[in-house]
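This is model-v8.tsv. It holds TSV, C-alpha atoms and all ligand atoms.
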```tsv
chain	number	residue	atom	x	y	z
A	1	MET	CA	-4.17	-0.90	22.75
A	2	VAL	CA	-7.14	1.13	23.90
A	3	LEU	CA	-8.41	4.57	22.93
A	4	GLU	CA	-9.91	6.01	26.11
A	5	ARG	CA	-10.44	9.51	24.81
A	6	PRO	CA	-9.70	11.18	21.43
A	7	GLY	CA	-6.65	13.38	21.47
A	8	LYS	CA	-4.79	11.11	23.91
A	9	PRO	CA	-2.29	8.38	22.97
A	10	LEU	CA	-3.55	4.80	22.94
A	11	GLN	CA	-3.06	2.99	26.22
A	12	LEU	CA	-1.53	-0.45	26.47
A	13	GLY	CA	-3.61	-2.55	28.82
A	14	GLU	CA	-5.46	-5.75	29.55
A	15	VAL	CA	-9.09	-5.85	28.46
A	16	ALA	CA	-11.65	-8.62	28.80
A	17	ASP	CA	-11.48	-11.22	26.02
A	18	PRO	CA	-14.18	-10.65	23.40
A	19	VAL	CA	-16.99	-13.19	23.56
A	20	PRO	CA	-18.30	-14.01	20.08
A	21	ALA	CA	-22.04	-13.53	19.65
A	22	THR	CA	-24.14	-15.76	17.39
A	23	GLY	CA	-22.80	-15.46	13.83
A	24	GLN	CA	-19.45	-14.11	14.96
A	25	VAL	CA	-16.05	-15.71	14.72
A	26	LEU	CA	-13.41	-15.30	17.40
A	27	LEU	CA	-10.03	-14.54	15.87
A	28	ARG	CA	-6.47	-14.52	17.12
A	29	VAL	CA	-5.04	-11.39	15.50
A	30	LEU	CA	-2.01	-12.19	13.34
A	31	ALA	CA	-1.54	-8.69	11.93
A	32	CYS	CA	-3.51	-5.44	11.75
A	33	GLY	CA	-2.88	-2.64	9.29
A	34	VAL	CA	-2.76	1.00	10.37
A	35	CYS	CA	-5.03	3.26	8.33
A	36	ARG	CA	-5.28	7.04	8.09
A	37	THR	CA	-8.86	6.68	9.32
A	38	ASP	CA	-7.40	5.44	12.63
A	39	LEU	CA	-5.60	8.78	12.90
A	40	HIS	CA	-8.81	10.69	12.19
A	41	ILE	CA	-10.51	8.75	15.01
A	42	LEU	CA	-7.57	9.25	17.38
A	43	ASP	CA	-7.50	12.98	16.63
A	44	GLY	CA	-11.25	13.40	17.15
A	45	GLU	CA	-11.97	14.35	13.53
A	46	LEU	CA	-14.45	11.47	13.38
A	47	THR	CA	-16.62	12.38	16.30
A	48	GLU	CA	-18.68	9.35	17.29
A	49	PRO	CA	-16.43	6.43	18.16
A	50	LYS	CA	-17.49	3.92	20.77
A	51	LEU	CA	-15.38	4.53	23.88
A	52	PRO	CA	-13.27	2.99	25.12
A	53	LEU	CA	-12.34	1.65	21.69
A	54	VAL	CA	-9.89	-0.78	20.15
A	55	LEU	CA	-8.89	0.69	16.76
A	56	GLY	CA	-8.00	-1.31	13.67
A	57	HIS	CA	-9.94	-2.40	10.63
A	58	GLN	CA	-7.43	-4.25	8.48
A	59	VAL	CA	-7.27	-7.40	10.57
A	60	VAL	CA	-5.75	-10.68	9.48
A	61	GLY	CA	-6.66	-13.34	11.99
A	62	GLU	CA	-6.77	-17.05	12.62
A	63	VAL	CA	-10.17	-18.45	13.51
A	64	LEU	CA	-10.21	-19.84	17.06
A	65	GLU	CA	-13.96	-20.36	17.24
A	66	GLY	CA	-15.88	-20.68	13.99
A	67	ALA	CA	-19.49	-20.03	13.23
A	68	ASP	CA	-20.89	-21.44	9.94
A	69	ARG	CA	-18.71	-20.03	7.21
A	70	PHE	CA	-15.29	-20.54	8.72
A	71	ALA	CA	-13.63	-23.30	10.69
A	72	PRO	CA	-10.98	-23.08	13.40
A	73	GLY	CA	-7.58	-22.56	11.77
A	74	ASP	CA	-8.90	-20.63	8.76
A	75	ARG	CA	-7.16	-17.34	7.98
A	76	VAL	CA	-9.65	-14.53	7.50
A	77	GLY	CA	-9.63	-10.78	7.05
A	78	VAL	CA	-11.85	-8.29	8.88
A	79	PRO	CA	-12.49	-4.99	7.03
A	80	TRP	CA	-13.98	-1.60	7.99
A	81	LEU	CA	-17.55	-2.60	7.15
A	82	GLY	CA	-18.45	-4.72	10.17
A	83	TRP	CA	-22.23	-4.93	10.08
A	84	THR	CA	-25.19	-3.59	8.06
A	85	ASP	CA	-28.92	-3.64	8.73
A	86	GLY	CA	-29.71	-5.25	5.37
A	87	THR	CA	-33.03	-3.38	5.20
A	88	CYS	CA	-32.38	0.30	4.46
A	89	ARG	CA	-32.75	1.79	0.98
A	90	TYR	CA	-29.01	1.51	0.40
A	91	CYS	CA	-28.69	-2.11	1.47
A	92	VAL	CA	-31.61	-3.24	-0.68
A	93	SER	CA	-30.19	-1.45	-3.73
A	94	GLY	CA	-26.71	-2.98	-3.62
A	95	ARG	CA	-25.06	-0.01	-1.90
A	96	GLU	CA	-24.45	-1.41	1.56
A	97	ASN	CA	-21.38	0.84	1.81
A	98	LEU	CA	-23.86	3.68	2.42
A	99	CYS	CA	-26.04	1.76	4.92
A	100	ASP	CA	-27.85	4.06	7.35
A	101	GLY	CA	-27.27	1.66	10.23
A	102	ALA	CA	-23.77	0.42	9.37
A	103	ARG	CA	-21.33	-0.43	12.12
A	104	PHE	CA	-17.66	-0.07	11.41
A	105	THR	CA	-14.77	-2.12	12.73
A	106	GLY	CA	-12.43	-0.14	14.94
A	107	TYR	CA	-15.01	2.67	15.31
A	108	ASP	CA	-18.42	1.29	16.35
A	109	LEU	CA	-17.00	-2.17	17.05
A	110	ASP	CA	-13.71	-3.11	18.68
A	111	GLY	CA	-11.04	-3.79	16.09
A	112	GLY	CA	-7.67	-5.41	15.63
A	113	TYR	CA	-5.16	-3.41	17.67
A	114	ALA	CA	-5.42	-6.37	20.05
A	115	GLU	CA	-4.60	-10.02	20.49
A	116	LEU	CA	-8.20	-11.18	19.98
A	117	VAL	CA	-11.17	-9.83	18.06
A	118	ALA	CA	-14.73	-11.02	17.42
A	119	ALA	CA	-16.29	-10.29	14.03
A	120	ASP	CA	-19.50	-11.00	12.15
A	121	GLU	CA	-18.48	-13.79	9.81
A	122	ARG	CA	-20.69	-12.49	6.99
A	123	PHE	CA	-18.39	-9.48	6.65
A	124	CYS	CA	-15.09	-11.38	6.84
A	125	PHE	CA	-13.12	-12.45	3.80
A	126	PRO	CA	-10.88	-15.44	3.19
A	127	VAL	CA	-7.33	-14.09	2.85
A	128	PRO	CA	-5.61	-15.09	-0.39
A	129	ASP	CA	-2.73	-17.56	-0.05
A	130	GLY	CA	0.66	-16.30	-1.07
A	131	TYR	CA	0.59	-13.26	1.19
A	132	ALA	CA	2.27	-13.24	4.58
A	133	ASP	CA	-0.02	-12.00	7.37
A	134	THR	CA	1.60	-8.56	7.43
A	135	GLU	CA	1.53	-8.28	3.63
A	136	ALA	CA	-2.16	-9.17	3.48
A	137	ALA	CA	-3.33	-6.66	6.11
A	138	PRO	CA	-3.10	-3.50	3.95
A	139	LEU	CA	-5.17	-5.15	1.24
A	140	LEU	CA	-8.18	-4.99	3.58
A	141	CYS	CA	-8.69	-1.23	3.56
A	142	ALA	CA	-5.89	0.52	1.68
A	143	GLY	CA	-6.42	-2.01	-1.11
A	144	LEU	CA	-10.21	-2.26	-1.00
A	145	ILE	CA	-10.93	1.46	-0.78
A	146	GLY	CA	-8.27	2.16	-3.36
A	147	PHE	CA	-9.85	-0.38	-5.69
A	148	ARG	CA	-13.30	1.15	-5.26
A	149	SER	CA	-11.80	4.59	-5.92
A	150	LEU	CA	-10.08	3.36	-9.05
A	151	ARG	CA	-13.36	1.97	-10.34
A	152	LEU	CA	-15.14	5.24	-9.66
A	153	ALA	CA	-12.40	7.06	-11.56
A	154	GLY	CA	-13.82	5.40	-14.68
A	155	ASP	CA	-11.78	4.40	-17.71
A	156	ALA	CA	-9.08	7.02	-17.14
A	157	GLU	CA	-5.92	6.26	-19.09
A	158	ALA	CA	-3.82	9.00	-17.50
A	159	ILE	CA	-4.60	8.89	-13.80
A	160	GLY	CA	-3.22	10.89	-10.91
A	161	LEU	CA	-2.77	9.39	-7.44
A	162	TYR	CA	-2.19	12.26	-5.01
A	163	GLY	CA	-0.92	11.21	-1.60
A	164	PHE	CA	1.28	8.20	-2.27
A	165	GLY	CA	0.91	6.07	0.85
A	166	ALA	CA	-0.55	2.67	1.67
A	167	SER	CA	-3.51	2.91	-0.67
A	168	ALA	CA	-1.84	4.56	-3.67
A	169	HIS	CA	1.06	2.13	-3.65
A	170	ILE	CA	-1.44	-0.71	-4.14
A	171	VAL	CA	-3.68	1.11	-6.63
A	172	CYS	CA	-0.62	2.09	-8.66
A	173	GLN	CA	0.21	-1.56	-9.27
A	174	VAL	CA	-3.36	-2.39	-10.30
A	175	ALA	CA	-3.62	0.64	-12.60
A	176	VAL	CA	-0.31	-0.09	-14.30
A	177	ALA	CA	-1.38	-3.72	-14.84
A	178	GLN	CA	-4.56	-2.42	-16.48
A	179	GLY	CA	-2.46	-0.40	-18.95
A	180	ARG	CA	-3.05	3.01	-17.39
A	181	ARG	CA	-0.36	5.64	-16.91
A	182	VAL	CA	0.03	6.69	-13.28
A	183	PHE	CA	1.06	10.18	-12.21
A	184	ALA	CA	2.01	10.20	-8.52
A	185	GLY	CA	1.54	13.39	-6.53
A	186	THR	CA	3.38	13.79	-3.22
A	187	ARG	CA	4.33	16.55	-0.82
A	188	ALA	CA	6.76	18.97	-2.52
A	189	GLY	CA	10.31	17.71	-2.26
A	190	ASP	CA	9.43	14.23	-0.96
A	191	GLU	CA	11.98	12.56	-3.18
A	192	ASP	CA	11.92	9.23	-1.35
A	193	THR	CA	8.21	8.78	-1.97
A	194	GLN	CA	8.56	9.97	-5.55
A	195	ALA	CA	11.28	7.38	-6.18
A	196	PHE	CA	9.08	4.73	-4.52
A	197	ALA	CA	6.21	5.62	-6.87
A	198	ARG	CA	8.45	5.41	-9.93
A	199	SER	CA	9.70	2.01	-8.76
A	200	LEU	CA	6.08	0.81	-8.87
A	201	GLY	CA	5.57	1.98	-12.43
A	202	ALA	CA	4.45	5.62	-12.12
A	203	VAL	CA	5.47	7.54	-15.28
A	204	TRP	CA	5.72	10.79	-13.32
A	205	ALA	CA	6.13	11.64	-9.66
A	206	GLY	CA	6.29	15.13	-8.21
A	207	ASP	CA	4.58	17.87	-6.24
A	208	ALA	CA	0.83	17.19	-6.21
A	209	LEU	CA	-0.17	20.85	-5.84
A	210	ALA	CA	1.90	21.90	-8.85
A	211	GLY	CA	0.69	18.92	-10.86
A	212	PRO	CA	2.10	16.82	-13.68
A	213	PRO	CA	3.31	18.10	-17.07
A	214	GLU	CA	0.20	16.91	-18.93
A	215	THR	CA	-3.56	16.97	-18.46
A	216	LEU	CA	-5.03	13.92	-16.75
A	217	ASP	CA	-8.26	11.96	-17.22
A	218	ALA	CA	-8.85	11.56	-13.48
A	219	VAL	CA	-7.20	12.11	-10.13
A	220	ILE	CA	-7.73	10.09	-6.95
A	221	LEU	CA	-6.99	12.04	-3.77
A	222	PHE	CA	-5.64	9.96	-0.92
A	223	ALA	CA	-4.12	12.84	1.05
A	224	PRO	CA	-6.68	14.50	3.39
A	225	VAL	CA	-5.80	17.95	2.10
A	226	GLY	CA	-8.67	20.13	0.85
A	227	ASP	CA	-6.29	22.33	-1.16
A	228	LEU	CA	-5.78	19.37	-3.47
A	229	VAL	CA	-9.38	19.50	-4.74
A	230	PRO	CA	-9.10	22.71	-6.77
A	231	ALA	CA	-5.53	21.76	-7.70
A	232	ALA	CA	-6.69	18.41	-9.09
A	233	LEU	CA	-9.58	20.06	-10.96
A	234	ARG	CA	-6.96	22.20	-12.68
A	235	HIS	CA	-5.09	19.07	-13.67
A	236	VAL	CA	-7.95	17.14	-15.32
A	237	ARG	CA	-9.35	17.53	-18.81
A	238	LYS	CA	-12.99	18.29	-19.69
A	239	GLY	CA	-15.15	15.44	-18.41
A	240	GLY	CA	-12.44	14.50	-15.94
A	241	ARG	CA	-13.11	13.18	-12.45
A	242	VAL	CA	-11.59	14.00	-9.10
A	243	VAL	CA	-12.25	11.19	-6.63
A	244	SER	CA	-11.63	11.73	-2.94
A	245	ALA	CA	-10.88	8.42	-1.24
A	246	GLY	CA	-10.56	9.50	2.38
A	247	ILE	CA	-13.15	9.66	5.15
A	248	HIS	CA	-12.07	13.11	6.32
A	249	MET	CA	-10.40	16.07	4.64
A	250	SER	CA	-9.45	19.58	5.65
A	251	ASP	CA	-11.82	22.24	4.30
A	252	ILE	CA	-11.83	22.74	0.57
A	253	PRO	CA	-11.01	26.34	-0.32
A	254	SER	CA	-13.43	28.20	-2.59
A	255	PHE	CA	-12.50	28.14	-6.24
A	256	PRO	CA	-13.78	29.68	-9.48
A	257	TYR	CA	-16.57	27.79	-11.21
A	258	GLU	CA	-14.51	27.55	-14.37
A	259	LEU	CA	-12.42	24.83	-12.70
A	260	LEU	CA	-15.51	22.62	-12.50
A	261	TRP	CA	-17.00	23.73	-15.81
A	262	GLY	CA	-16.59	21.35	-18.74
A	263	GLU	CA	-18.42	18.48	-17.05
A	264	ARG	CA	-15.63	17.87	-14.61
A	265	SER	CA	-16.87	16.16	-11.46
A	266	ILE	CA	-15.84	15.71	-7.85
A	267	LEU	CA	-16.99	12.73	-5.83
A	268	SER	CA	-16.15	10.93	-2.64
A	269	VAL	CA	-15.75	7.24	-1.97
A	270	ALA	CA	-17.40	5.98	1.19
A	271	ASN	CA	-16.59	2.63	2.78
A	272	LEU	CA	-16.81	-0.65	0.87
A	273	THR	CA	-19.25	-3.33	-0.09
A	274	ARG	CA	-18.59	-7.01	0.45
A	275	GLN	CA	-18.56	-7.36	-3.32
A	276	ASP	CA	-15.68	-4.86	-3.54
A	277	GLY	CA	-13.78	-7.06	-1.13
A	278	GLU	CA	-14.42	-10.29	-2.96
A	279	GLU	CA	-13.49	-8.78	-6.33
A	280	PHE	CA	-10.36	-7.05	-5.10
A	281	LEU	CA	-9.03	-10.01	-3.10
A	282	ALA	CA	-9.50	-12.19	-6.19
A	283	LEU	CA	-7.75	-9.62	-8.39
A	284	ALA	CA	-4.78	-8.79	-6.13
A	285	PRO	CA	-2.89	-12.10	-6.52
A	286	THR	CA	-3.31	-12.00	-10.31
A	287	VAL	CA	-1.63	-8.57	-10.75
A	288	PRO	CA	0.19	-9.57	-8.57
A	289	VAL	CA	-0.08	-6.76	-6.01
A	290	ARG	CA	2.95	-6.72	-3.72
A	291	THR	CA	2.49	-4.69	-0.57
A	292	GLU	CA	5.38	-2.84	1.03
A	293	VAL	CA	4.90	-2.93	4.77
A	294	GLU	CA	6.69	-1.76	7.86
A	295	ALA	CA	5.85	-4.00	10.82
A	296	PHE	CA	5.61	-2.68	14.39
A	297	PRO	CA	4.98	-4.57	17.64
A	298	LEU	CA	1.41	-3.92	18.83
A	299	ALA	CA	2.75	-1.99	21.82
A	300	ASP	CA	4.33	0.52	19.40
A	301	ALA	CA	0.99	1.47	17.83
A	302	ASN	CA	1.37	5.13	18.86
A	303	ASP	CA	4.74	5.25	17.13
A	304	ALA	CA	3.26	3.74	13.95
A	305	LEU	CA	0.41	6.28	13.99
A	306	ASP	CA	2.87	9.12	14.52
A	307	ARG	CA	4.98	7.97	11.59
A	308	LEU	CA	1.86	7.86	9.42
A	309	ARG	CA	0.95	11.39	10.51
A	310	ARG	CA	4.39	12.67	9.56
A	311	GLY	CA	4.41	10.88	6.21
A	312	ALA	CA	7.46	8.98	7.40
A	313	LEU	CA	6.43	5.54	6.14
A	314	ARG	CA	7.12	3.72	2.93
A	315	GLY	CA	3.96	1.81	2.01
A	316	ALA	CA	1.85	0.63	4.93
A	317	ALA	CA	2.34	0.27	8.68
A	318	VAL	CA	1.19	-3.03	10.18
A	319	LEU	CA	0.94	-3.99	13.85
A	320	VAL	CA	1.87	-7.47	15.01
A	321	PRO	CA	0.66	-8.63	18.46
B	1	ZN	ZN	-9.08	2.27	6.47
B	2	ZN	ZN	-28.60	-0.67	5.43
```
For the structure just supplied, provide its representation as structure tokens.
Amino acid sequence: MVLERPGKPLQLGEVADPVPATGQVLLRVLACGVCRTDLHILDGELTEPKLPLVLGHQVVGEVLEGADRFAPGDRVGVPWLGWTDGTCRYCVSGRENLCDGARFTGYDLDGGYAELVAADERFCFPVPDGYADTEAAPLLCAGLIGFRSLRLAGDAEAIGLYGFGASAHIVCQVAVAQGRRVFAGTRAGDEDTQAFARSLGAVWAGDALAGPPETLDAVILFAPVGDLVPAALRHVRKGGRVVSAGIHMSDIPSFPYELLWGERSILSVANLTRQDGEEFLALAPTVPVRTEVEAFPLADANDALDRLRRGALRGAAVLVP
């Protein structure tokens, strides 16, 4: 499925098979998760994609041609971070997620909404056994970014997850296993999602803008809704953190300084490091994280994206070629 131009549906078509460069593996795509970032690229909110582009950065694939690290037949995952320069100030200080020259899968590099993909093997992960291909796919961005967000939320005991989709449904399970209490914020009246959150251990689920009945230690925002920033600041105690996990958000309305006062902080989470991936993929089977996925044939990618846009998914959408 090819993005020719932002704002237009993806086109089903034949493209030339990717030819792996030195250090790349060639993969047969087994499953590819659909991420909200894909929607932001499709809608033109992220403005510099390679074009034409194959979206998709939660790729589970079988190695057809190996390089050094992987052998044919291995099952590997390809995440958003596809390449870094290794030399900029961020790379040399352990923050490759902020690399000045980074290339991202399904944005700068062709991704996994396809039958084949080539990827730099240094940025691929072995996929933990015990997960079906479709179940593993959402771990690779929804899980990884959620895990990084949870870490940046600090030692919060009472934690809000606002926007209860693919990422929050994974983070909720990790947070509950760590002994935290999860407060799930959804769109007002979205009772299905609220029930889903409670089924995964959330102690409260309700309208995110109105907020829970008690003050929280931290809130992670997964919904790309700027109005949630001042709302979440209202819901956290002194010293509390509001962590925005998404790559794009609607404008944040102005708000009185008193909402930030009291050493409350707002921060964003950008991308992932390979270390995040290794740690999270080791942790997930021990929780154990169970992903709820809805599988779509690759040709129905536009339908899957539309369902994500409308909030009409339970858990994560995954494409299967
Ligand atoms: Zn993503
Ligand atoms: Zn760098």
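For the residues A:Pro128, A:Gly315, A:Gly146, A:Gly211, ranking by smallest atom-to-atom distance to A:Ala197 using only C-alpha atoms places A:Gly315 first.
Shortest atom-to-atom contact with A:Leu98 among A:Asp74, A:Leu140, A:Ser268, A:Arg241: A:Ser268, counting only C-alpha atoms.
Distances to ligand ZN 1 (chain B) were evaluated for A:Ala71, A:Leu26, A:Thr105, A:Arg89 using all atoms listed in the file, and the minimum falls at A:Thr105.
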(request) Check which residues fall inside 9 Å of ligand ZN 1 (chain B) when counting all atoms listed in the file, and print them as an MDAnalysis selection string. (result) chainID A and resid 33:38 56:58 79:80 138 140:142 144:145 246:247 271
(request) Find the residue from A:Ala195, A:Asp227, A:Arg103, A:Thr273 that sits nearest to A:Tyr90; use only C-alpha atoms when measuring. (result) A:Thr273
(request) Please check which protein, DNA or RNA residues sit within 9 Å of ligand ZN 2 (chain B), counting all atoms listed in the file, and write them as a ChimeraX atom specification. (result) /A:83-92,95-102
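Residues surrounding A:Asp192 within 12 Å are A:Phe164, A:Gly165, A:Thr186, A:Arg187, A:Ala188, A:Gly189, A:Ala195, A:Phe196, A:Ala197, A:Arg198, A:Ser199, A:Ala205, A:Gly206, A:Gly311, A:Ala312, A:Leu313, A:Arg314, A:Gly315 [only C-alpha atoms; sequence separation below 3 positions excluded].
Here atom CA of A:Glu278 and atom CA of A:Phe125 stand 7.2 Å from one another.
Once A:Lys50 and its same-chain neighbours fewer than 5 positions away are set aside, Leu3, Glu4, Arg5, Gly106, Tyr107, Asp108, Leu109 and Asp110 of chain A remain within 10 Å of it when counting all atoms listed in the file.
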For stretch 75-89 of chain A, what centre and edge lengths in Å (one decimal) does the axis-aligned box get once 5 Å is added on each side of all its listed atoms, as AutoDock Vina command-line options?
```
--center_x -20.1 --center_y -7.8 --center_z 5.6 --size_x 35.9 --size_y 29.1 --size_z 19.2
```
(message) Considering only C-alpha atoms, can you say which of A:Val15, A:Ile252, A:Ala270, A:Val29 comes closest to A:Arg75?
(response) A:Val29
(request) May I ask which of the residues A:Ala166, A:Ala119, A:Val269, A:Val203 is the closest one to A:Ser149, counting all atoms listed in the file? (result) A:Val269
(message) Can you tell me which residues surround A:Glu263 at a distance of at most 8 Å, considering only C-alpha atoms, apart from same-chain residues fewer than 6 positions away, and format the answer as a list in words?
(response) Lys238, Gly239 and Gly240 of chain A
(request) Would you list the residues near (1.1, -10.3, 13.0), meaning any protein, DNA or RNA residue with an atom at most 7 Å from that point in file coordinates, counting all atoms listed in the file, as an MDAnalysis selection string? (result) chainID A and resid 29:32 133:134 319:321
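Distance-wise, atom CA of A:Val182 and atom CA of A:Val60 end up 29.2 Å apart.
These residues, each with an atom at most 12 Å from (-14.3, 29.3, -7.0) using all atoms listed in the file, are Val229, Pro230, Ala231, Leu233, Arg234, Ile252, Pro253, Ser254, Phe255, Pro256, Tyr257, Glu258, Leu259, Leu260 and Trp261 of chain A.
One finds atom CA of A:Gly44 at 21.4 Å from atom CA of A:Leu221.
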(message) Need the shell around A:Glu294: protein/DNA/RNA residues with any atom at most 7 Å away, counting all atoms listed in the file. Skip same-chain ones fewer than 3 positions apart. Format as a PyMOL selection string?
(response) chain A and resi 316-318
(message) I'd like the neighbourhood of A:Arg309 as a ChimeraX atom specification, where a residue qualifies if any of its atoms comes within 10 Å (using all atoms listed in the file), though same-chain residues fewer than 4 positions away should be ignored.
(response) /A:36,39-40,303-305,313
I need the chosen residues saved as an mmCIF file, keeping the file's coordinate frame, with C-alpha atoms.
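New file out.cif:
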```
data_model
loop_
_atom_site.group_PDB
_atom_site.id
_atom_site.type_symbol
_atom_site.label_atom_id
_atom_site.label_comp_id
_atom_site.auth_asym_id
_atom_site.auth_seq_id
_atom_site.Cartn_x
_atom_site.Cartn_y
_atom_site.Cartn_z
ATOM 1 C CA ARG A 36 -5.280 7.040 8.090
ATOM 2 C CA LEU A 39 -5.600 8.780 12.900
ATOM 3 C CA HIS A 40 -8.810 10.690 12.190
ATOM 4 C CA ASP A 303 4.740 5.250 17.130
ATOM 5 C CA ALA A 304 3.260 3.740 13.950
ATOM 6 C CA LEU A 305 0.410 6.280 13.990
ATOM 7 C CA LEU A 313 6.430 5.540 6.140
#
```
